[in-house]
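Heads up: the structure comes next, in C-alpha cells.
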Amino acid sequence: MRWELAVREAAVLGEGPTWDPATGRLIWVDILSSRIHTYATSDGRRTVMATEQHVGAAKPRAGGGLVVNLRDGVGLYGPDGGFSWLVRDPVAGRRANDAAVSPDGALWAGTMRYDEAPGGGSLSRIAPDGTATEVLGDASVSNGIGWSPDSRLMYYIDTPTGRIDVFDFDGQLAHDRRPFAAIPATAGHPDGLAVDGEGGVWVALWGGGAVRRYATDGTLDLAVPLPVRCPTACAFGGPDLTDLYITTARVGQSAPHPLAGSVLVLPGAGRGLPGFAFAG
C-alpha cells in the first residue's frame, strides 16, 4: 500500500477529513489558520472558507451547510453561508479539537487547552437541538472518535494516554470505557481515527510518520509509513469509500517535509463506512 498526494497545501495544522457524499467532496480544516477546505475528487476543484475562530472540525448537516467545532463552542453554517451559534461556551485558554457525528445525528465535540494541560479538555455530545451533555470532563487532548459498523461500539482517543479506547454505545450515550489498543510512544502519538467496513480501526500517528490499522480484537494489523512526520487524522472517501485520506501538519517543525500540511491518500485502502450528517 503506497501513499499518493491528494491536495498540495501548507496547512499549519490540517485536521478532520470528512467525506460528504451529497457533494462528492472531502471536507477538512486547518485549525490554527481558521480555515475550512473542500476538495472535489471528481475534478480537483477546491474551496477555502475562513472562520472567525480556530476551527477544530467541520461536518456536513443533513439539510445542507456545516456544523463546526469552534474555539468558543459549536456553530452552524447554513447552505447560504449564514452563521449562527448552536452552543456558545467560551473558556479562557481552551479551544475546540476533533469532532464526529454519531449514528443518531448528534455531534460529539472535543476540546483541549492551548497549553495541553492535563485534564483541561472535554468531550461533549451536542444534540441537534443544541442540548449539550458533557461525557468526559477530564480529557487532555480530545481527539479521534468513530463507531463500529453495527454502531454498538464507540472508539475514542485522548492523545496523551497513548491508547485507543472503546465504549459501549447505546444509540445515544457511551458507557464502560476500556482500552482497545495501546500505541508505544516510540511509534508516535495516536491522533485522529477512522473505522472501516470490517470494523478495523485506522489511526494517524502524530510524530510517528505513519497510519496503522488495528483489527477488531485490538491487534496491530497493518502499518503504512508516510513521508511526513505528523499525520493528524484519516477518513475514507471517494465514490466507493475505498480511499483513505490523511490530513497532516507542519506546526512545531523547524524543517518540515515539503508535503507537510498537505492531504495524502492511500488508494484502495479498504472500504469505509458511510458517514452521518448532523441532524440539526
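Labels for the C-alpha cells follow display order: chains A, B, ..., residues from 1 in each chain, ligands from 1.
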Practice task
Identify, on the basis of only C-alpha atoms, every residue whose closest approach to Asp129 of chain A does not exceed 8 Å; exclude the query and any residue fewer than 3 positions from it along the same chain; express the result as a list in words.
Solution key: Leu86, Ile126 and Gly280 of chain A
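Excluding Trp3 of chain A and any residue on its chain fewer than 4 positions from it, the residues at most 8 Å away by only C-alpha atoms are A:Leu226, A:Leu264, A:Val265, A:Leu266, A:Pro267.
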Handout entry: Who sits within 12 Å of Ser102 of chain A, only C-alpha atoms, same chain under 4 positions skipped, as an MDAnalysis selection string
Key = chainID A and resid 59 106:109 124:128 145:149 151:155 169:174 274:279
Closest-contact table, segment 118-150 of chain A side, partner segment 156-164 of chain A, 6 Å, counting only C-alpha atoms, as a tab-separated table:
```
residue	atom	partner	partner_atom	distance
A:Val141	CA	A:Asp158	CA	5.3
A:Ser142	CA	A:Asp158	CA	4.7
A:Asn143	CA	A:Ile157	CA	5.2
A:Gly144	CA	A:Ile157	CA	5.1
A:Ile145	CA	A:Tyr156	CA	4.6
```
Just N, CA and C atoms for this one: save the residues we selected as a compact mmCIF listing (two decimals), in the first residue's frame.
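Below is the file that was written, selection.txt:
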```txt
# COMPACT_ATOMS: atom_id res chain seq x y z
N VAL A 141 -6.12 15.98 25.49
CA VAL A 141 -6.16 16.37 24.07
C VAL A 141 -7.19 15.46 23.40
N SER A 142 -8.46 15.86 23.49
CA SER A 142 -9.55 15.04 22.94
C SER A 142 -9.40 14.95 21.44
N ASN A 143 -9.37 13.71 20.93
CA ASN A 143 -9.08 13.52 19.51
C ASN A 143 -10.05 12.54 18.86
N GLY A 144 -9.54 11.54 18.14
CA GLY A 144 -10.34 10.72 17.25
C GLY A 144 -11.55 10.07 17.88
N ILE A 145 -12.65 10.02 17.11
CA ILE A 145 -13.91 9.41 17.53
C ILE A 145 -14.47 8.65 16.33
```
Exercise for the section: Skip Leu5 of chain A itself and residues of its chain fewer than 2 positions away, then list as a PyMOL selection string all residues within 12 Å of it, counting only C-alpha atoms. Expected result: chain A and resi 2-3+7-9+44+226-228+244-248+258-267
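When only C-alpha atoms are used to compute distances to Met112 of chain A, the closest of the residues A:Arg71, A:Arg271, A:Arg46, A:Arg88 turns out to be A:Arg71.
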Exercise for the section: Write down as a PyMOL selection string the residues belonging to segment 129-274 of chain A that are assigned strand (DSSP E or B) by DSSP computed on the backbone. Expected result: chain A and resi 132-139+141-147+153-158+163-169+174-182+189-196+201-206+210-214+220-225+231-237+243-249+263-266+272
Enumerate, in order of chain and increasing residue number, the residues of segment 4-114 of chain A with an atom no farther than 12 Å from segment 179-203 of chain A, each with its shortest atom pair and distance in Å to one decimal, counting only C-alpha atoms, as a tab-separated table.
```
residue	atom	partner	partner_atom	distance
A:Gly14	CA	A:Gly192	CA	11.1
A:Glu15	CA	A:Gly192	CA	8.0
A:Gly16	CA	A:Gly192	CA	7.3
A:Pro17	CA	A:Gly192	CA	9.2
A:Thr18	CA	A:Ala194	CA	9.9
A:Trp19	CA	A:Ala194	CA	11.5
A:Gly56	CA	A:Gly192	CA	11.7
A:Ala57	CA	A:Gly192	CA	11.3
A:Asn97	CA	A:Gly192	CA	10.2
A:Asp98	CA	A:Gly192	CA	7.5
A:Ala99	CA	A:Gly192	CA	9.6
A:Ala100	CA	A:Leu193	CA	10.3
A:Gly110	CA	A:Gly192	CA	11.7
```
Practice task
For each of A:Trp85, A:Trp28, A:Tyr214, A:Tyr114, take the minimum atom-to-atom distance to Gly130 of chain A, counting only C-alpha atoms, then give the residue where this is smallest.
Solution key: A:Trp85
Problem - Pick from A:Gln53, A:Thr23, A:Asn69, A:Gln253 nearest to Thr111 of chain A, counting only C-alpha atoms - result: A:Asn69
